[in-house]
>>> print(open('query_5.txt').read())   # compact mmCIF, N, CA and C atoms
# COMPACT_ATOMS: atom_id res chain seq x y z
N MET A 1 35.54 0.20 -56.77
CA MET A 1 34.12 0.06 -57.05
C MET A 1 33.33 0.90 -56.04
N SER A 2 32.40 1.66 -56.53
CA SER A 2 31.57 2.48 -55.65
C SER A 2 30.50 1.64 -54.98
N LEU A 3 30.21 1.98 -53.73
CA LEU A 3 29.19 1.31 -52.93
C LEU A 3 28.19 2.35 -52.45
N TRP A 4 26.99 1.88 -52.08
CA TRP A 4 25.94 2.76 -51.57
C TRP A 4 25.87 2.66 -50.05
N TYR A 5 25.84 3.81 -49.41
CA TYR A 5 25.74 3.92 -47.96
C TYR A 5 24.54 4.78 -47.60
N ALA A 6 23.99 4.53 -46.42
CA ALA A 6 22.98 5.41 -45.85
C ALA A 6 23.63 6.14 -44.68
N ALA A 7 23.64 7.45 -44.75
CA ALA A 7 24.24 8.26 -43.69
C ALA A 7 23.14 8.88 -42.85
N HIS A 8 23.24 8.75 -41.54
CA HIS A 8 22.29 9.32 -40.59
C HIS A 8 22.89 10.64 -40.09
N ILE A 9 22.38 11.73 -40.62
CA ILE A 9 22.89 13.06 -40.30
C ILE A 9 21.97 13.71 -39.28
N VAL A 10 22.54 14.14 -38.16
CA VAL A 10 21.74 14.73 -37.08
C VAL A 10 21.85 16.25 -37.16
N MET A 11 20.67 16.88 -37.20
CA MET A 11 20.56 18.34 -37.24
C MET A 11 19.65 18.78 -36.11
N TYR A 12 19.89 19.98 -35.59
CA TYR A 12 18.97 20.52 -34.59
C TYR A 12 18.79 22.01 -34.79
N VAL A 13 17.76 22.53 -34.16
CA VAL A 13 17.44 23.95 -34.26
C VAL A 13 17.96 24.65 -33.01
N ARG A 14 18.63 25.77 -33.24
CA ARG A 14 19.10 26.62 -32.13
C ARG A 14 18.61 28.04 -32.41
N ARG A 15 17.91 28.61 -31.44
CA ARG A 15 17.50 30.01 -31.59
C ARG A 15 18.73 30.89 -31.38
N LYS A 16 18.74 32.03 -32.07
CA LYS A 16 19.91 32.89 -32.04
C LYS A 16 20.03 33.75 -30.79
N HIS A 17 18.90 34.11 -30.16
CA HIS A 17 18.96 35.06 -29.07
C HIS A 17 18.61 34.49 -27.70
N LYS A 18 17.84 33.44 -27.66
CA LYS A 18 17.54 32.83 -26.37
C LYS A 18 17.33 31.33 -26.57
N PRO A 19 17.81 30.53 -25.62
CA PRO A 19 17.72 29.08 -25.78
C PRO A 19 16.28 28.57 -25.77
N LEU A 20 16.09 27.46 -26.43
CA LEU A 20 14.78 26.79 -26.42
C LEU A 20 14.66 25.93 -25.16
N PRO A 21 13.46 25.76 -24.64
CA PRO A 21 13.30 24.89 -23.46
C PRO A 21 13.57 23.42 -23.80
N LYS A 22 13.28 23.03 -25.03
CA LYS A 22 13.58 21.69 -25.52
C LYS A 22 14.21 21.84 -26.90
N VAL A 23 15.11 20.94 -27.24
CA VAL A 23 15.84 21.05 -28.50
C VAL A 23 15.21 20.16 -29.57
N PRO A 24 14.67 20.76 -30.65
CA PRO A 24 14.13 19.95 -31.74
C PRO A 24 15.28 19.34 -32.55
N VAL A 25 15.25 18.03 -32.72
CA VAL A 25 16.33 17.30 -33.39
C VAL A 25 15.76 16.46 -34.53
N TRP A 26 16.47 16.45 -35.65
CA TRP A 26 16.12 15.61 -36.79
C TRP A 26 17.27 14.68 -37.10
N GLU A 27 16.95 13.45 -37.45
CA GLU A 27 17.94 12.52 -37.98
C GLU A 27 17.56 12.29 -39.44
N ASN A 28 18.29 12.93 -40.33
CA ASN A 28 18.02 12.82 -41.77
C ASN A 28 18.87 11.69 -42.34
N ILE A 29 18.25 10.83 -43.11
CA ILE A 29 18.96 9.69 -43.69
C ILE A 29 19.08 9.94 -45.18
N ILE A 30 20.34 10.01 -45.65
CA ILE A 30 20.59 10.28 -47.06
C ILE A 30 21.44 9.17 -47.66
N LEU A 31 21.30 8.96 -48.96
CA LEU A 31 22.11 7.98 -49.66
C LEU A 31 23.38 8.63 -50.17
N ILE A 32 24.48 7.88 -50.05
CA ILE A 32 25.78 8.37 -50.50
C ILE A 32 26.46 7.26 -51.28
N LYS A 33 27.06 7.62 -52.42
CA LYS A 33 27.83 6.68 -53.22
C LYS A 33 29.30 7.01 -53.00
N ALA A 34 30.08 5.99 -52.58
CA ALA A 34 31.48 6.24 -52.26
C ALA A 34 32.31 4.97 -52.48
N GLU A 35 33.60 5.17 -52.61
CA GLU A 35 34.54 4.06 -52.81
C GLU A 35 34.87 3.35 -51.49
N SER A 36 34.69 4.05 -50.36
CA SER A 36 35.05 3.47 -49.06
C SER A 36 34.18 4.08 -47.96
N GLU A 37 34.21 3.44 -46.80
CA GLU A 37 33.47 3.97 -45.65
C GLU A 37 34.01 5.34 -45.25
N GLU A 38 35.33 5.51 -45.32
CA GLU A 38 35.94 6.79 -44.97
C GLU A 38 35.46 7.91 -45.89
N GLU A 39 35.39 7.61 -47.19
CA GLU A 39 34.92 8.61 -48.15
C GLU A 39 33.43 8.92 -47.91
N ALA A 40 32.65 7.89 -47.63
CA ALA A 40 31.22 8.08 -47.37
C ALA A 40 31.02 8.95 -46.13
N PHE A 41 31.79 8.70 -45.08
CA PHE A 41 31.68 9.49 -43.86
C PHE A 41 32.04 10.96 -44.13
N ALA A 42 33.10 11.17 -44.88
CA ALA A 42 33.51 12.54 -45.21
C ALA A 42 32.42 13.25 -46.02
N LYS A 43 31.82 12.54 -46.98
CA LYS A 43 30.74 13.13 -47.78
C LYS A 43 29.52 13.45 -46.90
N ALA A 44 29.23 12.57 -45.95
CA ALA A 44 28.10 12.79 -45.05
C ALA A 44 28.34 14.02 -44.18
N GLU A 45 29.55 14.15 -43.65
CA GLU A 45 29.88 15.33 -42.84
C GLU A 45 29.75 16.61 -43.67
N GLU A 46 30.24 16.57 -44.89
CA GLU A 46 30.17 17.75 -45.76
C GLU A 46 28.71 18.13 -46.03
N ARG A 47 27.87 17.13 -46.27
CA ARG A 47 26.45 17.40 -46.51
C ARG A 47 25.80 18.03 -45.28
N GLY A 48 26.11 17.49 -44.10
CA GLY A 48 25.55 18.05 -42.87
C GLY A 48 25.96 19.49 -42.67
N LYS A 49 27.22 19.78 -42.95
CA LYS A 49 27.72 21.15 -42.81
C LYS A 49 27.05 22.09 -43.82
N GLN A 50 26.79 21.58 -45.03
CA GLN A 50 26.11 22.39 -46.04
C GLN A 50 24.66 22.67 -45.62
N ASP A 51 24.02 21.66 -45.04
CA ASP A 51 22.62 21.82 -44.64
C ASP A 51 22.46 22.76 -43.45
N ALA A 52 23.49 22.81 -42.61
CA ALA A 52 23.45 23.74 -41.47
C ALA A 52 23.67 25.14 -42.00
N SER A 53 22.88 26.04 -41.55
CA SER A 53 23.07 27.41 -42.03
C SER A 53 22.41 28.40 -41.12
N ASP A 54 23.03 29.53 -41.04
CA ASP A 54 22.35 30.68 -40.45
C ASP A 54 22.23 31.74 -41.53
N LYS A 55 22.40 31.30 -42.77
CA LYS A 55 22.33 32.21 -43.91
C LYS A 55 20.91 32.73 -44.11
N GLU A 56 19.96 31.90 -43.71
CA GLU A 56 18.56 32.29 -43.91
C GLU A 56 18.13 33.21 -42.76
N ASP A 57 18.22 34.48 -42.99
CA ASP A 57 17.87 35.45 -41.94
C ASP A 57 16.39 35.40 -41.60
N ASP A 58 15.60 34.81 -42.46
CA ASP A 58 14.16 34.78 -42.22
C ASP A 58 13.71 33.48 -41.55
N PHE A 59 14.65 32.58 -41.17
CA PHE A 59 14.27 31.33 -40.52
C PHE A 59 13.90 31.61 -39.07
N LEU A 60 12.66 31.28 -38.73
CA LEU A 60 12.16 31.50 -37.37
C LEU A 60 11.75 30.18 -36.76
N TRP A 61 11.94 30.06 -35.45
CA TRP A 61 11.44 28.92 -34.69
C TRP A 61 10.72 29.49 -33.49
N ALA A 62 9.45 29.16 -33.35
CA ALA A 62 8.62 29.70 -32.27
C ALA A 62 8.67 31.24 -32.29
N GLY A 63 8.68 31.80 -33.52
CA GLY A 63 8.64 33.24 -33.68
C GLY A 63 9.96 33.96 -33.44
N GLU A 64 11.04 33.22 -33.22
CA GLU A 64 12.35 33.83 -32.94
C GLU A 64 13.35 33.45 -34.03
N PRO A 65 14.31 34.34 -34.36
CA PRO A 65 15.36 33.98 -35.32
C PRO A 65 16.12 32.74 -34.84
N ALA A 66 16.35 31.82 -35.78
CA ALA A 66 16.99 30.55 -35.42
C ALA A 66 17.90 30.09 -36.55
N GLU A 67 18.60 28.99 -36.29
CA GLU A 67 19.49 28.41 -37.29
C GLU A 67 19.48 26.89 -37.16
N TRP A 68 19.78 26.22 -38.28
CA TRP A 68 19.99 24.79 -38.28
C TRP A 68 21.44 24.53 -37.91
N VAL A 69 21.68 23.56 -37.02
CA VAL A 69 23.03 23.22 -36.58
C VAL A 69 23.30 21.76 -36.92
N PHE A 70 24.44 21.50 -37.51
CA PHE A 70 24.88 20.14 -37.79
C PHE A 70 25.49 19.56 -36.52
N ALA A 71 24.88 18.50 -35.99
CA ALA A 71 25.38 17.89 -34.75
C ALA A 71 26.39 16.79 -35.04
N GLY A 72 26.27 16.12 -36.17
CA GLY A 72 27.22 15.07 -36.51
C GLY A 72 26.57 13.95 -37.30
N VAL A 73 27.40 13.01 -37.70
CA VAL A 73 26.92 11.81 -38.38
C VAL A 73 26.78 10.74 -37.30
N ARG A 74 25.55 10.32 -37.05
CA ARG A 74 25.31 9.36 -35.98
C ARG A 74 25.62 7.93 -36.41
N LYS A 75 25.42 7.65 -37.68
CA LYS A 75 25.55 6.27 -38.13
C LYS A 75 25.77 6.26 -39.64
N LEU A 76 26.53 5.29 -40.10
CA LEU A 76 26.74 5.07 -41.52
C LEU A 76 26.52 3.59 -41.77
N THR A 77 25.59 3.28 -42.67
CA THR A 77 25.22 1.89 -42.93
C THR A 77 25.46 1.55 -44.39
N LEU A 78 26.09 0.42 -44.63
CA LEU A 78 26.23 -0.09 -45.98
C LEU A 78 24.88 -0.64 -46.40
N CYS A 79 24.36 -0.17 -47.53
CA CYS A 79 23.03 -0.60 -47.99
C CYS A 79 23.05 -2.07 -48.40
N GLU A 80 21.87 -2.69 -48.32
CA GLU A 80 21.69 -4.04 -48.85
C GLU A 80 22.02 -4.00 -50.34
N ASP A 81 22.73 -5.02 -50.83
CA ASP A 81 23.16 -5.04 -52.24
C ASP A 81 23.90 -3.75 -52.57
N ALA A 82 24.92 -3.46 -51.79
CA ALA A 82 25.60 -2.16 -51.85
C ALA A 82 26.19 -1.82 -53.21
N GLU A 83 26.44 -2.82 -54.05
CA GLU A 83 27.02 -2.55 -55.36
C GLU A 83 25.97 -2.12 -56.38
N LYS A 84 24.69 -2.37 -56.07
CA LYS A 84 23.60 -2.00 -56.98
C LYS A 84 22.98 -0.69 -56.52
N ARG A 85 22.52 0.08 -57.48
CA ARG A 85 21.81 1.31 -57.13
C ARG A 85 20.54 0.95 -56.36
N PRO A 86 20.30 1.57 -55.20
CA PRO A 86 19.09 1.25 -54.43
C PRO A 86 17.83 1.53 -55.25
N GLY A 87 16.87 0.66 -55.10
CA GLY A 87 15.60 0.81 -55.80
C GLY A 87 14.46 0.42 -54.86
N GLU A 88 13.29 0.24 -55.43
CA GLU A 88 12.12 -0.12 -54.63
C GLU A 88 12.40 -1.39 -53.84
N GLY A 89 12.13 -1.33 -52.55
CA GLY A 89 12.29 -2.49 -51.69
C GLY A 89 13.68 -2.68 -51.12
N THR A 90 14.64 -1.86 -51.52
CA THR A 90 16.01 -1.99 -50.99
C THR A 90 16.05 -1.50 -49.55
N GLU A 91 16.60 -2.31 -48.67
CA GLU A 91 16.82 -1.84 -47.30
C GLU A 91 18.05 -0.95 -47.33
N VAL A 92 17.86 0.32 -47.03
CA VAL A 92 18.98 1.26 -47.09
C VAL A 92 19.57 1.53 -45.72
N SER A 93 18.81 1.30 -44.67
CA SER A 93 19.30 1.50 -43.32
C SER A 93 18.38 0.78 -42.34
N TYR A 94 18.70 0.89 -41.08
CA TYR A 94 17.89 0.30 -40.03
C TYR A 94 18.18 1.06 -38.73
N LEU A 95 17.29 0.94 -37.80
CA LEU A 95 17.47 1.50 -36.47
C LEU A 95 17.30 0.35 -35.48
N GLU A 96 18.24 0.22 -34.58
CA GLU A 96 18.14 -0.80 -33.54
C GLU A 96 17.80 -0.10 -32.24
N MET A 97 16.68 -0.52 -31.63
CA MET A 97 16.18 0.15 -30.43
C MET A 97 15.78 -0.90 -29.39
N GLU A 98 15.58 -0.41 -28.19
CA GLU A 98 15.15 -1.28 -27.10
C GLU A 98 14.01 -0.59 -26.35
N LEU A 99 12.92 -1.30 -26.19
CA LEU A 99 11.77 -0.82 -25.42
C LEU A 99 11.77 -1.51 -24.05
N PRO A 100 11.17 -0.89 -23.04
CA PRO A 100 11.20 -1.48 -21.70
C PRO A 100 10.34 -2.75 -21.56
N SER A 101 9.36 -2.92 -22.45
CA SER A 101 8.51 -4.11 -22.37
C SER A 101 7.82 -4.32 -23.71
N GLU A 102 7.30 -5.51 -23.91
CA GLU A 102 6.58 -5.78 -25.15
C GLU A 102 5.32 -4.92 -25.28
N PRO A 103 4.51 -4.76 -24.22
CA PRO A 103 3.32 -3.91 -24.35
C PRO A 103 3.64 -2.44 -24.69
N SER A 104 4.83 -1.96 -24.32
CA SER A 104 5.17 -0.56 -24.60
C SER A 104 5.30 -0.29 -26.10
N ARG A 105 5.41 -1.34 -26.90
CA ARG A 105 5.52 -1.15 -28.35
C ARG A 105 4.30 -0.43 -28.90
N TRP A 106 3.13 -0.66 -28.29
CA TRP A 106 1.92 0.00 -28.78
C TRP A 106 1.99 1.49 -28.55
N ASN A 107 2.49 1.91 -27.41
CA ASN A 107 2.66 3.35 -27.16
C ASN A 107 3.59 3.95 -28.21
N TRP A 108 4.71 3.27 -28.46
CA TRP A 108 5.68 3.77 -29.42
C TRP A 108 5.07 3.84 -30.81
N LEU A 109 4.38 2.78 -31.24
CA LEU A 109 3.77 2.75 -32.57
C LEU A 109 2.67 3.80 -32.72
N ASP A 110 1.98 4.11 -31.62
CA ASP A 110 0.91 5.11 -31.65
C ASP A 110 1.43 6.53 -31.44
N GLY A 111 2.75 6.69 -31.28
CA GLY A 111 3.33 8.01 -31.08
C GLY A 111 3.13 8.57 -29.69
N LYS A 112 2.82 7.69 -28.72
CA LYS A 112 2.62 8.12 -27.34
C LYS A 112 3.95 8.04 -26.58
N PRO A 113 4.06 8.77 -25.47
CA PRO A 113 5.31 8.74 -24.71
C PRO A 113 5.66 7.33 -24.21
N THR A 114 6.91 6.98 -24.37
CA THR A 114 7.44 5.73 -23.84
C THR A 114 8.96 5.87 -23.77
N ASN A 115 9.59 5.04 -22.98
CA ASN A 115 11.04 5.03 -22.92
C ASN A 115 11.57 4.18 -24.07
N LEU A 116 12.47 4.74 -24.84
CA LEU A 116 13.04 4.05 -25.98
C LEU A 116 14.54 4.28 -25.95
N LYS A 117 15.30 3.22 -26.05
CA LYS A 117 16.75 3.35 -26.03
C LYS A 117 17.31 2.99 -27.40
N SER A 118 18.10 3.88 -27.97
CA SER A 118 18.77 3.60 -29.23
C SER A 118 20.01 2.77 -28.92
N THR A 119 20.17 1.66 -29.60
CA THR A 119 21.30 0.77 -29.30
C THR A 119 22.19 0.55 -30.51
N ASP A 120 22.06 1.38 -31.56
CA ASP A 120 22.83 1.13 -32.78
C ASP A 120 23.83 2.25 -33.11
N LEU A 121 24.55 2.69 -32.13
CA LEU A 121 25.53 3.75 -32.35
C LEU A 121 26.79 3.18 -32.98
N PHE A 122 27.66 4.05 -33.47
CA PHE A 122 28.95 3.61 -33.98
C PHE A 122 29.65 2.78 -32.92
N ALA A 123 30.42 1.81 -33.34
CA ALA A 123 31.13 0.93 -32.41
C ALA A 123 32.11 1.71 -31.54
N GLU A 124 32.70 2.75 -32.09
CA GLU A 124 33.68 3.55 -31.35
C GLU A 124 33.15 4.97 -31.18
N PRO A 125 32.56 5.30 -30.01
CA PRO A 125 32.03 6.65 -29.81
C PRO A 125 33.14 7.69 -29.90
N LEU A 126 32.78 8.87 -30.36
CA LEU A 126 33.75 9.96 -30.45
C LEU A 126 34.10 10.50 -29.07
N ALA A 127 35.37 10.75 -28.87
CA ALA A 127 35.80 11.42 -27.64
C ALA A 127 35.33 12.86 -27.70
N PRO A 128 35.10 13.50 -26.54
CA PRO A 128 34.63 14.90 -26.56
C PRO A 128 35.50 15.82 -27.42
N SER A 129 36.81 15.59 -27.45
CA SER A 129 37.70 16.45 -28.24
C SER A 129 37.52 16.23 -29.75
N GLU A 130 36.94 15.09 -30.16
CA GLU A 130 36.75 14.78 -31.58
C GLU A 130 35.38 15.20 -32.09
N ARG A 131 34.47 15.61 -31.21
CA ARG A 131 33.11 15.95 -31.61
C ARG A 131 33.08 17.28 -32.32
N PRO A 132 32.10 17.45 -33.22
CA PRO A 132 31.94 18.77 -33.84
C PRO A 132 31.70 19.82 -32.76
N VAL A 133 32.05 21.05 -33.04
CA VAL A 133 31.92 22.13 -32.07
C VAL A 133 30.53 22.18 -31.47
N ALA A 134 29.52 21.92 -32.27
CA ALA A 134 28.13 22.01 -31.78
C ALA A 134 27.85 21.00 -30.68
N LEU A 135 28.61 19.90 -30.59
CA LEU A 135 28.36 18.87 -29.60
C LEU A 135 29.23 18.98 -28.35
N LYS A 136 30.27 19.81 -28.40
CA LYS A 136 31.16 19.92 -27.25
C LYS A 136 30.44 20.61 -26.10
N THR A 137 30.73 20.14 -24.90
CA THR A 137 30.10 20.77 -23.73
C THR A 137 30.79 22.10 -23.45
N ARG A 138 30.03 23.02 -22.93
CA ARG A 138 30.59 24.35 -22.65
C ARG A 138 31.22 24.34 -21.26
N ALA A 139 32.30 25.07 -21.14
CA ALA A 139 33.00 25.14 -19.85
C ALA A 139 32.31 26.09 -18.91
>>> encode(input="query_5.txt", output="structure tokens")
Amino acid sequence: MSLWYAAHIVMYVRRKHKPLPKVPVWENIILIKAESEEEAFAKAEERGKQDASDKEDDFLWAGEPAEWVFAGVRKLTLCEDAEKRPGEGTEVSYLEMELPSEPSRWNWLDGKPTNLKSTDLFAEPLAPSERPVALKTRA
């Protein structure tokens, strides 16, 4: 039986000729229908790799040639009512975070700087040797 998953695919921008002072990162959440978590993860990785491209020679970031890079699948969540096709009001994913204090929530909600810790990573983090090439540290 197929189930619905929400895959959190992390992409970032890398300039081709000189590094950026800060790295723009997106976490794209897509729906995936799969028979198992393993199949859903594989489909999510394939989608991320397809979305990453340097094929677009005209893609510029801050006026410089750049490319989208697939960083990895950060999270895979089984949707609420996973056997039914998601519709209006279906919780498809969630983010678990930690703020330093209750008053800091206003800064976060208003889009102002605050310290925010993501606490909903995969239960088993990837070892450096298992990470996609884009995430491995350079020697």
>>> residues_around(input="query_5.txt", residues="stretch 75-90 of chain A", least_positions_apart="2", cutoff="9 Å", atoms="only C-alpha atoms", output="tab-separated table (two decimals) with N, CA and C atoms, in the frame of the given file")
chain	number	residue	atom	x	y	z
A	1	MET	N	35.54	0.20	-56.77
A	1	MET	CA	34.12	0.06	-57.05
A	1	MET	C	33.33	0.90	-56.04
A	2	SER	N	32.40	1.66	-56.53
A	2	SER	CA	31.57	2.48	-55.65
A	2	SER	C	30.50	1.64	-54.98
A	3	LEU	N	30.21	1.98	-53.73
A	3	LEU	CA	29.19	1.31	-52.93
A	3	LEU	C	28.19	2.35	-52.45
A	4	TRP	N	26.99	1.88	-52.08
A	4	TRP	CA	25.94	2.76	-51.57
A	4	TRP	C	25.87	2.66	-50.05
A	5	TYR	N	25.84	3.81	-49.41
A	5	TYR	CA	25.74	3.92	-47.96
A	5	TYR	C	24.54	4.78	-47.60
A	6	ALA	N	23.99	4.53	-46.42
A	6	ALA	CA	22.98	5.41	-45.85
A	6	ALA	C	23.63	6.14	-44.68
A	7	ALA	N	23.64	7.45	-44.75
A	7	ALA	CA	24.24	8.26	-43.69
A	7	ALA	C	23.14	8.88	-42.85
A	8	HIS	N	23.24	8.75	-41.54
A	8	HIS	CA	22.29	9.32	-40.59
A	8	HIS	C	22.89	10.64	-40.09
A	9	ILE	N	22.38	11.73	-40.62
A	9	ILE	CA	22.89	13.06	-40.30
A	9	ILE	C	21.97	13.71	-39.28
A	31	LEU	N	21.30	8.96	-48.96
A	31	LEU	CA	22.11	7.98	-49.66
A	31	LEU	C	23.38	8.63	-50.17
A	33	LYS	N	27.06	7.62	-52.42
A	33	LYS	CA	27.83	6.68	-53.22
A	33	LYS	C	29.30	7.01	-53.00
A	37	GLU	N	34.21	3.44	-46.80
A	37	GLU	CA	33.47	3.97	-45.65
A	37	GLU	C	34.01	5.34	-45.25
A	40	ALA	N	32.65	7.89	-47.63
A	40	ALA	CA	31.22	8.08	-47.37
A	40	ALA	C	31.02	8.95	-46.13
A	41	PHE	N	31.79	8.70	-45.08
A	41	PHE	CA	31.68	9.49	-43.86
A	41	PHE	C	32.04	10.96	-44.13
A	44	ALA	N	29.23	12.57	-45.95
A	44	ALA	CA	28.10	12.79	-45.05
A	44	ALA	C	28.34	14.02	-44.18
A	73	VAL	N	27.40	13.01	-37.70
A	73	VAL	CA	26.92	11.81	-38.38
A	73	VAL	C	26.78	10.74	-37.30
A	92	VAL	N	17.86	0.32	-47.03
A	92	VAL	CA	18.98	1.26	-47.09
A	92	VAL	C	19.57	1.53	-45.72
A	93	SER	N	18.81	1.30	-44.67
A	93	SER	CA	19.30	1.50	-43.32
A	93	SER	C	18.38	0.78	-42.34
A	94	TYR	N	18.70	0.89	-41.08
A	94	TYR	CA	17.89	0.30	-40.03
A	94	TYR	C	18.18	1.06	-38.73
A	120	ASP	N	22.06	1.38	-31.56
A	120	ASP	CA	22.83	1.13	-32.78
A	120	ASP	C	23.83	2.25	-33.11
A	121	LEU	N	24.55	2.69	-32.13
A	121	LEU	CA	25.53	3.75	-32.35
A	121	LEU	C	26.79	3.18	-32.98
A	122	PHE	N	27.66	4.05	-33.47
A	122	PHE	CA	28.95	3.61	-33.98
A	122	PHE	C	29.65	2.78	-32.92
>>> select_by_dssp(input="query_5.txt", residues="stretch 44-103 of chain A", states="strand (DSSP E)", output="PyMOL selection string")
chain A and resi 60-61+64-78+97-98
>>> write_last_selection(input="query_5.txt", atoms="N, CA and C atoms", output="CSV table (one decimal), in the coordinates of the input")
chain,number,residue,atom,x,y,z
A,60,LEU,N,12.7,31.3,-38.7
A,60,LEU,CA,12.2,31.5,-37.4
A,60,LEU,C,11.8,30.2,-36.8
A,61,TRP,N,11.9,30.1,-35.4
A,61,TRP,CA,11.4,28.9,-34.7
A,61,TRP,C,10.7,29.5,-33.5
A,64,GLU,N,11.0,33.2,-33.2
A,64,GLU,CA,12.4,33.8,-32.9
A,64,GLU,C,13.4,33.4,-34.0
A,65,PRO,N,14.3,34.3,-34.4
A,65,PRO,CA,15.4,34.0,-35.3
A,65,PRO,C,16.1,32.7,-34.8
A,66,ALA,N,16.4,31.8,-35.8
A,66,ALA,CA,17.0,30.6,-35.4
A,66,ALA,C,17.9,30.1,-36.6
A,67,GLU,N,18.6,29.0,-36.3
A,67,GLU,CA,19.5,28.4,-37.3
A,67,GLU,C,19.5,26.9,-37.2
A,68,TRP,N,19.8,26.2,-38.3
A,68,TRP,CA,20.0,24.8,-38.3
A,68,TRP,C,21.4,24.5,-37.9
A,69,VAL,N,21.7,23.6,-37.0
A,69,VAL,CA,23.0,23.2,-36.6
A,69,VAL,C,23.3,21.8,-36.9
A,70,PHE,N,24.4,21.5,-37.5
A,70,PHE,CA,24.9,20.1,-37.8
A,70,PHE,C,25.5,19.6,-36.5
A,71,ALA,N,24.9,18.5,-36.0
A,71,ALA,CA,25.4,17.9,-34.8
A,71,ALA,C,26.4,16.8,-35.0
A,72,GLY,N,26.3,16.1,-36.2
A,72,GLY,CA,27.2,15.1,-36.5
A,72,GLY,C,26.6,14.0,-37.3
A,73,VAL,N,27.4,13.0,-37.7
A,73,VAL,CA,26.9,11.8,-38.4
A,73,VAL,C,26.8,10.7,-37.3
A,74,ARG,N,25.6,10.3,-37.0
A,74,ARG,CA,25.3,9.4,-36.0
A,74,ARG,C,25.6,7.9,-36.4
A,75,LYS,N,25.4,7.6,-37.7
A,75,LYS,CA,25.6,6.3,-38.1
A,75,LYS,C,25.8,6.3,-39.6
A,76,LEU,N,26.5,5.3,-40.1
A,76,LEU,CA,26.7,5.1,-41.5
A,76,LEU,C,26.5,3.6,-41.8
A,77,THR,N,25.6,3.3,-42.7
A,77,THR,CA,25.2,1.9,-42.9
A,77,THR,C,25.5,1.6,-44.4
A,78,LEU,N,26.1,0.4,-44.6
A,78,LEU,CA,26.2,-0.1,-46.0
A,78,LEU,C,24.9,-0.6,-46.4
A,97,MET,N,16.7,-0.5,-31.6
A,97,MET,CA,16.2,0.2,-30.4
A,97,MET,C,15.8,-0.9,-29.4
A,98,GLU,N,15.6,-0.4,-28.2
A,98,GLU,CA,15.2,-1.3,-27.1
A,98,GLU,C,14.0,-0.6,-26.4
>>> select_by_dssp(input="query_5.txt", residues="chain A", states="helix (DSSP H, G or I)", output="PyMOL selection string")
chain A and resi 37-51+104-109+128-130+133-135
>>> atom_distance(input="query_5.txt", atom1="atom CA of A:Glu91", atom2="atom CA of A:Glu46")
23.8 Å
>>> atom_distance(input="query_5.txt", atom1="atom CA of A:Arg14", atom2="atom CA of A:Ile30")
22.2 Å
>>> residues_around(input="query_5.txt", residues="stretch 61-69 of chain A", least_positions_apart="3", cutoff="6.5 Å", atoms="only N, CA and C atoms", output="list in words")
Val10, Met11, Tyr12, Val13, Arg14, Arg15, Lys16, His17, Asp51, Ala52, Ser53, Asp54, Asp58 and Gly72 of chain A
>>> atom_distance(input="query_5.txt", atom1="atom CA of A:Asn115", atom2="atom N of A:Phe70")
25.8 Å
